[in-house]
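Colleague: Got a structure for you, written out below as C-alpha cells; questions coming shortly.
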Amino acid sequence: MTLIRPFTGLRPAPSRAAEVAAPPYDVLSSAEARVRAAGKPWSFLHISKPEIDLPTGTDPYAPEVYAKAAENLGMMLAEGVLVRDESPCYYVYRLVMDTHSQTGLVAAASVSDYNTNRIRKHEFTRPDKEDDRVRQIDALNAQTGPVLLAYPSAPSVDKLLASASAETPDADLTADDGIRHSLWVIRDATMISKLTEAFDSMRALYIADGHHRSAAASRVAATRQIKNPNHNGSESYNYFLSVIFPHHQMRIMDYNRVMTDLNGMDRTRFLQRIGENFSVQLRSTPVKPEKSGEFGMYLPGQWYQLQIRAGLTPSSEPVERLDVSLLQNNLIAPVLGITDPRRDKRIDFVGGIRGLSELEKRVDKGGMAVAFSMFATTMEGLMAVADDNKVMPPKSTWFEPKLADGLVSHVLD
C-alpha cells in the first residue's frame, strides 16, 4: 500500500462546477446554509448540510438527515449533475485568495498510514463529531469532505504539480467570497506514477484541517474490514479523500481571543498584573502582532501592545513555545483564571479573517471585557508539534482560503 493513490473521482459535469461547489460543511450553521443554498438546487450544501431540505429545527444528527443526503446525492447522479471519472486519476487543485495562491494534489490518502501516525495529527477529536462523519460516509458510501493535508518541502513535487496545471483547468470558478477554485484532472499514467512515488518517499504528511473526517474514515475502514471476509487492503475504504498542499504555500491566519470579564479586577489592577509577565505599551491604532511573543490587547476604547518578558519562552518544547500557549500560560490562566479554554464559557475565539475591527466590536458592543490579537501559528510550529506526537491548544490555527466541498468526492466501492 502506498501513502497516496489515484481514484475515480465523482465530480460536477463539465460547466456545472459553479452550480455545485459549496463552502465546507463545518463553517456554516444550518440557518446560514439555508440562505446560501436558496435558489441553488444543485449546491453541494444539499448533500453536506441536508437538514436544509427538512423542516426548520430538525436535529442535524437525526437519521432522516443522513437519508436525505443520500437521496440528494442520488438525484444529482440521476440528473447528470455529478459524474464519475472512468479511470483512477489525481487532481491538481489551486486556490487563489487576493494575492495568495496555493497549488496542491487531490488524492486518496492511506488510512493505514494515518493509523500509524505517518499522516500526523495535532488535535484531539470529539466522539460526537466523529460519529456524525461516520454516519455521513456510510449513508453516502462516499467521502465528500476532503481532509486538508500538508507535505514538507519537496521542490520536485511542486514542479510536477506546476506542470500538470499548465493548461486550461477542467473546472474553474470564483465563489461568492471571491476565492478562485481551479481543478485539473491528471490522467497520464506516467505523471500519476511519478506523483505516487514522490509522495511515497516522504517520511510524513500533516493534517492541517479535517481531524474528524480522517478519524471517521479510519473507523469506517476498520468496520468494513471486519465485515469483509475477502479484505486485502486494496479496497477504496482503506483510503480517504485529501487535498495535499506544500507546507510553505499554506496560509494560517491568527485565531484571536475575547473574554467576558477581567476576573474581578478593575483596569488599573488588571494592567498591573499583566505587567508582571509582559511589557505593556499604549497604542493609538489596532495592534496586529508581527512576531512571536508579541500580542495586541484591546480594552474598551484603547489598544495596547504586549511583549512577553525575556526568559518566559521555553527553549525547546514545541507546544509551550506556541504563541497561544505563551498567552494562555502567562496571562489567561494566571491573571484571568481561565485554566480550561476548551470548556470555560468566559472565553471565545475569533478567526483572523474577520479582522481586528471585530475584536473592537466584540468589546465595545458585544459584551466582552477584553480582546487579544495573536501572531499566527506557523506551519513549522504545527509540524513540530505533530512530529513530537503532541496536541495543539484549542483554536490554534485558522486556515484560509478554505477548500470547497463538491469539486471531487471519493466513492467507496
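Chain lettering (A, B, ...) mirrors the order of the C-alpha cells, residue numbering begins at 1 for each chain separately, and ligand numbering begins at 1 in order of display.
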Could you give me, as JSON, numbers by chain, each residue of range 147-376 of chain A that DSSP assigns to alpha helix (DSSP H) when run on this structure's backbone?

Modeller: {"A": [155, 156, 157, 158, 159, 160, 161, 162, 163, 164, 189, 190, 191, 192, 193, 194, 195, 196, 197, 198, 199, 200, 211, 212, 213, 214, 215, 216, 217, 218, 219, 220, 221, 222, 223, 224, 225, 226, 227, 267, 268, 269, 270, 271, 272, 273, 274, 318, 319, 320, 321, 323, 324, 325, 326, 327, 356, 357, 358, 359, 360, 361, 362, 363, 364]}

Colleague: Put those residues in a file: C-alpha atoms, as a PDB file, in the first residue's frame.

Modeller:
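As written to disk, result16.pdb reads:
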ATOM      1  CA  PRO A 155      10.560  21.080  -4.876  1.00  0.00           C
ATOM      2  CA  SER A 156      10.317  18.124  -7.265  1.00  0.00           C
ATOM      3  CA  VAL A 157       6.650  17.630  -6.346  1.00  0.00           C
ATOM      4  CA  ASP A 158       5.982  21.350  -6.656  1.00  0.00           C
ATOM      5  CA  LYS A 159       7.345  21.185 -10.218  1.00  0.00           C
ATOM      6  CA  LEU A 160       5.192  18.181 -11.100  1.00  0.00           C
ATOM      7  CA  LEU A 161       2.080  19.973  -9.904  1.00  0.00           C
ATOM      8  CA  ALA A 162       3.044  23.131 -11.790  1.00  0.00           C
ATOM      9  CA  SER A 163       3.495  21.091 -14.946  1.00  0.00           C
ATOM     10  CA  ALA A 164       0.186  19.283 -14.514  1.00  0.00           C
ATOM     11  CA  ALA A 189      -0.102   7.182 -16.310  1.00  0.00           C
ATOM     12  CA  THR A 190       3.493   8.403 -16.214  1.00  0.00           C
ATOM     13  CA  MET A 191       2.595  11.550 -14.253  1.00  0.00           C
ATOM     14  CA  ILE A 192       0.429   9.510 -11.876  1.00  0.00           C
ATOM     15  CA  SER A 193       3.314   7.105 -11.259  1.00  0.00           C
ATOM     16  CA  LYS A 194       5.797   9.933 -10.616  1.00  0.00           C
ATOM     17  CA  LEU A 195       3.480  11.576  -8.103  1.00  0.00           C
ATOM     18  CA  THR A 196       2.745   8.302  -6.293  1.00  0.00           C
ATOM     19  CA  GLU A 197       6.449   7.520  -5.988  1.00  0.00           C
ATOM     20  CA  ALA A 198       7.352  11.053  -4.912  1.00  0.00           C
ATOM     21  CA  PHE A 199       4.806  11.084  -2.105  1.00  0.00           C
ATOM     22  CA  ASP A 200       5.622   7.543  -1.046  1.00  0.00           C
ATOM     23  CA  HIS A 211      -9.146  15.606  12.075  1.00  0.00           C
ATOM     24  CA  HIS A 212     -12.742  14.423  12.481  1.00  0.00           C
ATOM     25  CA  ARG A 213     -13.034  13.451   8.812  1.00  0.00           C
ATOM     26  CA  SER A 214      -9.813  11.427   8.893  1.00  0.00           C
ATOM     27  CA  ALA A 215     -10.718   9.790  12.208  1.00  0.00           C
ATOM     28  CA  ALA A 216     -14.131   8.871  10.799  1.00  0.00           C
ATOM     29  CA  ALA A 217     -12.521   7.377   7.688  1.00  0.00           C
ATOM     30  CA  SER A 218     -10.344   5.219   9.926  1.00  0.00           C
ATOM     31  CA  ARG A 219     -13.384   3.991  11.859  1.00  0.00           C
ATOM     32  CA  VAL A 220     -15.315   3.204   8.679  1.00  0.00           C
ATOM     33  CA  ALA A 221     -12.336   1.290   7.288  1.00  0.00           C
ATOM     34  CA  ALA A 222     -11.986  -0.757  10.476  1.00  0.00           C
ATOM     35  CA  THR A 223     -15.681  -1.677  10.470  1.00  0.00           C
ATOM     36  CA  ARG A 224     -15.729  -2.605   6.792  1.00  0.00           C
ATOM     37  CA  GLN A 225     -12.572  -4.651   7.090  1.00  0.00           C
ATOM     38  CA  ILE A 226     -14.184  -6.772   9.807  1.00  0.00           C
ATOM     39  CA  LYS A 227     -17.288  -7.275   7.676  1.00  0.00           C
ATOM     40  CA  ARG A 267      -8.483  48.161  34.549  1.00  0.00           C
ATOM     41  CA  THR A 268      -5.652  49.530  36.701  1.00  0.00           C
ATOM     42  CA  ARG A 269      -5.177  46.314  38.658  1.00  0.00           C
ATOM     43  CA  PHE A 270      -5.561  44.203  35.509  1.00  0.00           C
ATOM     44  CA  LEU A 271      -2.780  46.124  33.750  1.00  0.00           C
ATOM     45  CA  GLN A 272      -0.571  45.780  36.817  1.00  0.00           C
ATOM     46  CA  ARG A 273      -0.998  42.012  36.819  1.00  0.00           C
ATOM     47  CA  ILE A 274      -0.260  41.766  33.099  1.00  0.00           C
ATOM     48  CA  PRO A 318       7.116  22.766  20.760  1.00  0.00           C
ATOM     49  CA  VAL A 319       3.659  23.148  22.337  1.00  0.00           C
ATOM     50  CA  GLU A 320       4.794  25.530  25.064  1.00  0.00           C
ATOM     51  CA  ARG A 321       6.604  27.721  22.514  1.00  0.00           C
ATOM     52  CA  ASP A 323       2.062  31.944  20.997  1.00  0.00           C
ATOM     53  CA  VAL A 324      -1.331  30.589  22.009  1.00  0.00           C
ATOM     54  CA  SER A 325       0.440  28.737  24.837  1.00  0.00           C
ATOM     55  CA  LEU A 326       2.512  31.751  25.857  1.00  0.00           C
ATOM     56  CA  LEU A 327      -0.629  33.854  26.259  1.00  0.00           C
ATOM     57  CA  LEU A 356      -9.187  43.436  14.213  1.00  0.00           C
ATOM     58  CA  SER A 357     -12.311  45.576  13.940  1.00  0.00           C
ATOM     59  CA  GLU A 358     -14.286  42.505  15.005  1.00  0.00           C
ATOM     60  CA  LEU A 359     -12.345  42.465  18.290  1.00  0.00           C
ATOM     61  CA  GLU A 360     -13.221  46.110  18.913  1.00  0.00           C
ATOM     62  CA  LYS A 361     -16.859  45.360  18.115  1.00  0.00           C
ATOM     63  CA  ARG A 362     -16.981  42.391  20.488  1.00  0.00           C
ATOM     64  CA  VAL A 363     -15.613  44.531  23.339  1.00  0.00           C
ATOM     65  CA  ASP A 364     -17.357  47.842  22.657  1.00  0.00           C
TER      66      ASP A 364
END

Colleague: Which residues, written as a ChimeraX atom specification, have at least one atom at most 7 Å from Val83 in chain A, with only C-alpha atoms counted and residues fewer than 3 positions away on the same chain left out?

Modeller: /A:10-13,77,80

Colleague: Just want the 8 Å neighbourhood of Thr260 in chain A, counted on only C-alpha atoms, with same-chain residues fewer than 6 positions away dropped. Output as a list of chain:residue names.

Modeller: A:Arg346, A:Ile347, A:Gly367, A:Met368, A:Ala369, A:Val370

Colleague: If you run DSSP on the backbone, which residues of range 188-353 of chain A are strand (DSSP E), as an MDAnalysis selection string?

Modeller: chainID A and resid 205:209 239:246 252:253 255:259 278:283 294:299 302:308 347:351

Colleague: Could you turn the residues from that selection into a file that holds C-alpha atoms, as a PDB file, in the first residue's frame?

Modeller:
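Output contents, as saved in out_21.pdb:
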ATOM      1  CA  LEU A 205       2.197  14.162   5.816  1.00  0.00           C
ATOM      2  CA  TYR A 206       0.495  16.545   8.245  1.00  0.00           C
ATOM      3  CA  ILE A 207      -3.190  17.097   8.912  1.00  0.00           C
ATOM      4  CA  ALA A 208      -3.885  20.809   8.779  1.00  0.00           C
ATOM      5  CA  ASP A 209      -7.679  20.635   8.974  1.00  0.00           C
ATOM      6  CA  TYR A 239      -8.084   5.432   1.776  1.00  0.00           C
ATOM      7  CA  PHE A 240      -9.602   8.831   2.490  1.00  0.00           C
ATOM      8  CA  LEU A 241     -10.209  11.938   0.408  1.00  0.00           C
ATOM      9  CA  SER A 242      -7.488  14.546   0.846  1.00  0.00           C
ATOM     10  CA  VAL A 243      -6.034  17.673  -0.698  1.00  0.00           C
ATOM     11  CA  ILE A 244      -2.305  17.955  -0.055  1.00  0.00           C
ATOM     12  CA  PHE A 245      -0.515  21.307  -0.336  1.00  0.00           C
ATOM     13  CA  PRO A 246       3.162  22.159   0.103  1.00  0.00           C
ATOM     14  CA  ILE A 252      -2.506  30.210   8.655  1.00  0.00           C
ATOM     15  CA  MET A 253      -4.257  33.275   9.994  1.00  0.00           C
ATOM     16  CA  TYR A 255      -7.013  32.956  15.889  1.00  0.00           C
ATOM     17  CA  ASN A 256      -7.814  35.681  18.400  1.00  0.00           C
ATOM     18  CA  ARG A 257      -9.277  35.584  21.908  1.00  0.00           C
ATOM     19  CA  VAL A 258     -12.007  37.546  23.720  1.00  0.00           C
ATOM     20  CA  MET A 259     -13.070  37.276  27.374  1.00  0.00           C
ATOM     21  CA  PHE A 278       4.649  41.339  29.731  1.00  0.00           C
ATOM     22  CA  SER A 279       5.812  44.793  28.800  1.00  0.00           C
ATOM     23  CA  VAL A 280       2.741  46.947  28.147  1.00  0.00           C
ATOM     24  CA  GLN A 281       2.648  49.922  25.796  1.00  0.00           C
ATOM     25  CA  LEU A 282      -0.266  52.147  24.772  1.00  0.00           C
ATOM     26  CA  ARG A 283      -1.055  52.200  21.057  1.00  0.00           C
ATOM     27  CA  GLU A 294       4.058  39.902  20.671  1.00  0.00           C
ATOM     28  CA  PHE A 295       0.342  40.402  21.319  1.00  0.00           C
ATOM     29  CA  GLY A 296      -2.287  43.076  20.866  1.00  0.00           C
ATOM     30  CA  MET A 297      -4.779  43.780  23.622  1.00  0.00           C
ATOM     31  CA  TYR A 298      -7.960  45.827  23.402  1.00  0.00           C
ATOM     32  CA  LEU A 299      -9.819  47.212  26.391  1.00  0.00           C
ATOM     33  CA  GLN A 302      -7.866  51.545  23.944  1.00  0.00           C
ATOM     34  CA  TRP A 303      -5.285  49.284  22.236  1.00  0.00           C
ATOM     35  CA  TYR A 304      -2.109  48.058  23.916  1.00  0.00           C
ATOM     36  CA  GLN A 305       0.943  46.190  22.637  1.00  0.00           C
ATOM     37  CA  LEU A 306       2.223  43.382  24.842  1.00  0.00           C
ATOM     38  CA  GLN A 307       5.621  41.706  24.622  1.00  0.00           C
ATOM     39  CA  ILE A 308       6.375  38.654  26.713  1.00  0.00           C
ATOM     40  CA  ILE A 347     -13.534  32.798  26.655  1.00  0.00           C
ATOM     41  CA  ASP A 348     -14.427  32.878  22.976  1.00  0.00           C
ATOM     42  CA  PHE A 349     -12.386  32.769  19.771  1.00  0.00           C
ATOM     43  CA  VAL A 350     -12.467  34.977  16.679  1.00  0.00           C
ATOM     44  CA  GLY A 351     -10.896  33.934  13.390  1.00  0.00           C
TER      45      GLY A 351
END

Colleague: Excluding Ser110 in chain A and any residue of its chain fewer than 6 positions from it, enumerate the residues within 9 Å of it, using only C-alpha atoms, and give them as an mmCIF file with C-alpha atoms, in the first residue's frame.

Modeller:
data_model
loop_
_atom_site.group_PDB
_atom_site.id
_atom_site.type_symbol
_atom_site.label_atom_id
_atom_site.label_comp_id
_atom_site.auth_asym_id
_atom_site.auth_seq_id
_atom_site.Cartn_x
_atom_site.Cartn_y
_atom_site.Cartn_z
ATOM 1 C CA MET A 1 0.000 0.000 0.000
ATOM 2 C CA THR A 2 1.276 3.434 -0.926
ATOM 3 C CA LEU A 3 0.930 6.664 1.058
ATOM 4 C CA ILE A 4 -1.438 8.038 -1.570
ATOM 5 C CA ARG A 5 -3.116 6.671 -4.678
ATOM 6 C CA ILE A 119 -0.091 11.041 8.485
ATOM 7 C CA ASN A 238 -8.683 1.895 3.052
ATOM 8 C CA TYR A 239 -8.084 5.432 1.776
ATOM 9 C CA PHE A 240 -9.602 8.831 2.490
#

Colleague: Quick one, how far is CA of Asp26 in chain A from CA of Asp340 in chain A?

Modeller: 23.4 Å

Colleague: Just to confirm, what's the straight-line distance from CA of Phe375 in chain A to CA of Pro289 in chain A in Å (one decimal)?

Modeller: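 Separation of CA of Phe375 in chain A and CA of Pro289 in chain A: 5.1 Å.
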
Colleague: If we count only C-alpha atoms and set the cut-off at 8 Å, which residues sit around Ala171 in chain A, ignoring sequence neighbours fewer than 4 positions away in its own chain? Please answer as a list in words.

Modeller: Pro14, Ser15, Ala17, His181, Ser182, Leu183 and Trp184 of chain A

Colleague: Keeping only N, CA and C atoms, write the selected residues as a PDB file, in the first residue's frame.

Modeller:
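Written file, result-v3.pdb:
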ATOM      1  N   PRO A  14     -19.074  18.723 -16.800  1.00  0.00           N
ATOM      2  CA  PRO A  14     -18.477  19.914 -17.403  1.00  0.00           C
ATOM      3  C   PRO A  14     -19.423  21.113 -17.365  1.00  0.00           C
ATOM      4  N   SER A  15     -18.898  22.227 -16.951  1.00  0.00           N
ATOM      5  CA  SER A  15     -19.595  23.517 -16.840  1.00  0.00           C
ATOM      6  C   SER A  15     -20.556  23.592 -15.655  1.00  0.00           C
ATOM      7  N   ALA A  17     -19.547  23.050 -12.334  1.00  0.00           N
ATOM      8  CA  ALA A  17     -18.816  23.199 -11.069  1.00  0.00           C
ATOM      9  C   ALA A  17     -19.305  24.389 -10.258  1.00  0.00           C
ATOM     10  N   HIS A 181     -11.312  28.820  -7.342  1.00  0.00           N
ATOM     11  CA  HIS A 181     -11.042  27.392  -7.232  1.00  0.00           C
ATOM     12  C   HIS A 181     -10.834  26.837  -8.642  1.00  0.00           C
ATOM     13  N   SER A 182      -9.664  26.231  -8.877  1.00  0.00           N
ATOM     14  CA  SER A 182      -9.365  25.655 -10.193  1.00  0.00           C
ATOM     15  C   SER A 182      -8.932  24.206 -10.018  1.00  0.00           C
ATOM     16  N   LEU A 183      -9.376  23.356 -10.952  1.00  0.00           N
ATOM     17  CA  LEU A 183      -9.102  21.924 -10.845  1.00  0.00           C
ATOM     18  C   LEU A 183      -8.659  21.376 -12.197  1.00  0.00           C
ATOM     19  N   TRP A 184      -7.587  20.606 -12.183  1.00  0.00           N
ATOM     20  CA  TRP A 184      -7.085  19.914 -13.363  1.00  0.00           C
ATOM     21  C   TRP A 184      -7.103  18.408 -13.105  1.00  0.00           C
TER      22      TRP A 184
END

Colleague: Quick one: distance from CA of Ser30 in chain A to CA of Thr397 in chain A in Å, one decimal?

Modeller: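 Spanning CA of Ser30 in chain A to CA of Thr397 in chain A is a straight-line distance of 23.5 Å.
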
Colleague: Near Arg187 in chain A, within 10 Å and counting only C-alpha atoms, which residues show up once chain neighbours fewer than 4 positions away are dropped, as a list in words?

Modeller: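 What passes the distance filter is Pro6, Asp85, Ser87, Pro88, Cys89, Tyr90, Tyr91, Ala164, Met191 and Ile192 of chain A.
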
Colleague: Hey, can you spit out that residue selection with N, CA and C atoms as an mmCIF file, in the first residue's frame?

Modeller:
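Result file follows (out_13.cif):
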data_model
loop_
_atom_site.group_PDB
_atom_site.id
_atom_site.type_symbol
_atom_site.label_atom_id
_atom_site.label_comp_id
_atom_site.auth_asym_id
_atom_site.auth_seq_id
_atom_site.Cartn_x
_atom_site.Cartn_y
_atom_site.Cartn_z
ATOM 1 N N PRO A 6 -4.249 7.298 -6.756
ATOM 2 C CA PRO A 6 -5.310 7.933 -7.537
ATOM 3 C C PRO A 6 -6.639 7.236 -7.304
ATOM 4 N N ASP A 85 -15.366 9.806 -12.930
ATOM 5 C CA ASP A 85 -14.307 9.507 -13.892
ATOM 6 C C ASP A 85 -14.232 7.997 -14.122
ATOM 7 N N SER A 87 -11.534 6.156 -14.971
ATOM 8 C CA SER A 87 -10.313 5.502 -14.508
ATOM 9 C C SER A 87 -9.712 6.317 -13.363
ATOM 10 N N PRO A 88 -8.873 5.698 -12.524
ATOM 11 C CA PRO A 88 -8.289 6.415 -11.390
ATOM 12 C C PRO A 88 -7.431 7.597 -11.854
ATOM 13 N N CYS A 89 -7.633 8.707 -11.199
ATOM 14 C CA CYS A 89 -6.928 9.948 -11.546
ATOM 15 C C CYS A 89 -6.423 10.630 -10.275
ATOM 16 N N TYR A 90 -5.445 11.497 -10.463
ATOM 17 C CA TYR A 90 -5.148 12.531 -9.478
ATOM 18 C C TYR A 90 -5.742 13.824 -10.003
ATOM 19 N N TYR A 91 -5.813 14.828 -9.114
ATOM 20 C CA TYR A 91 -6.375 16.118 -9.495
ATOM 21 C C TYR A 91 -5.525 17.213 -8.864
ATOM 22 N N ALA A 164 1.512 19.877 -14.295
ATOM 23 C CA ALA A 164 0.186 19.283 -14.514
ATOM 24 C C ALA A 164 -0.919 20.333 -14.565
ATOM 25 N N MET A 191 2.678 10.513 -15.279
ATOM 26 C CA MET A 191 2.595 11.550 -14.253
ATOM 27 C C MET A 191 2.015 10.980 -12.954
ATOM 28 N N ILE A 192 1.012 10.132 -13.064
ATOM 29 C CA ILE A 192 0.429 9.510 -11.876
ATOM 30 C C ILE A 192 1.483 8.695 -11.139
#

Colleague: Counting only C-alpha atoms, which residue out of A:Ser165, A:Ser43, A:Asn141, A:Ser101 sits closest to His410 in chain A?

Modeller: A:Asn141

Colleague: With a distance cut-off of 9 Å and only C-alpha atoms, select the neighbouring residues of Pro394 in chain A, excluding the residue or stretch itself and same-chain residues fewer than 5 positions from it, and output the selection as a ChimeraX atom specification.

Modeller: /A:123-124,324,341-342

Colleague: Can you write just those residues out, C-alpha atoms, as a PDB file, in the first residue's frame?

Modeller:
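The resulting file, result.pdb, is shown below:
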ATOM      1  CA  GLU A 123      -5.665  17.920  17.588  1.00  0.00           C
ATOM      2  CA  PHE A 124      -7.985  15.945  19.818  1.00  0.00           C
ATOM      3  CA  VAL A 324      -1.331  30.589  22.009  1.00  0.00           C
ATOM      4  CA  PRO A 341     -10.093  27.219  27.437  1.00  0.00           C
ATOM      5  CA  ARG A 342     -11.766  24.192  25.810  1.00  0.00           C
TER       6      ARG A 342
END

Colleague: Between A:Ile47, A:Ala150, A:Ala142, A:Ala107, single out the one closest to Glu71 in chain A, counting only C-alpha atoms.

Modeller: A:Ile47
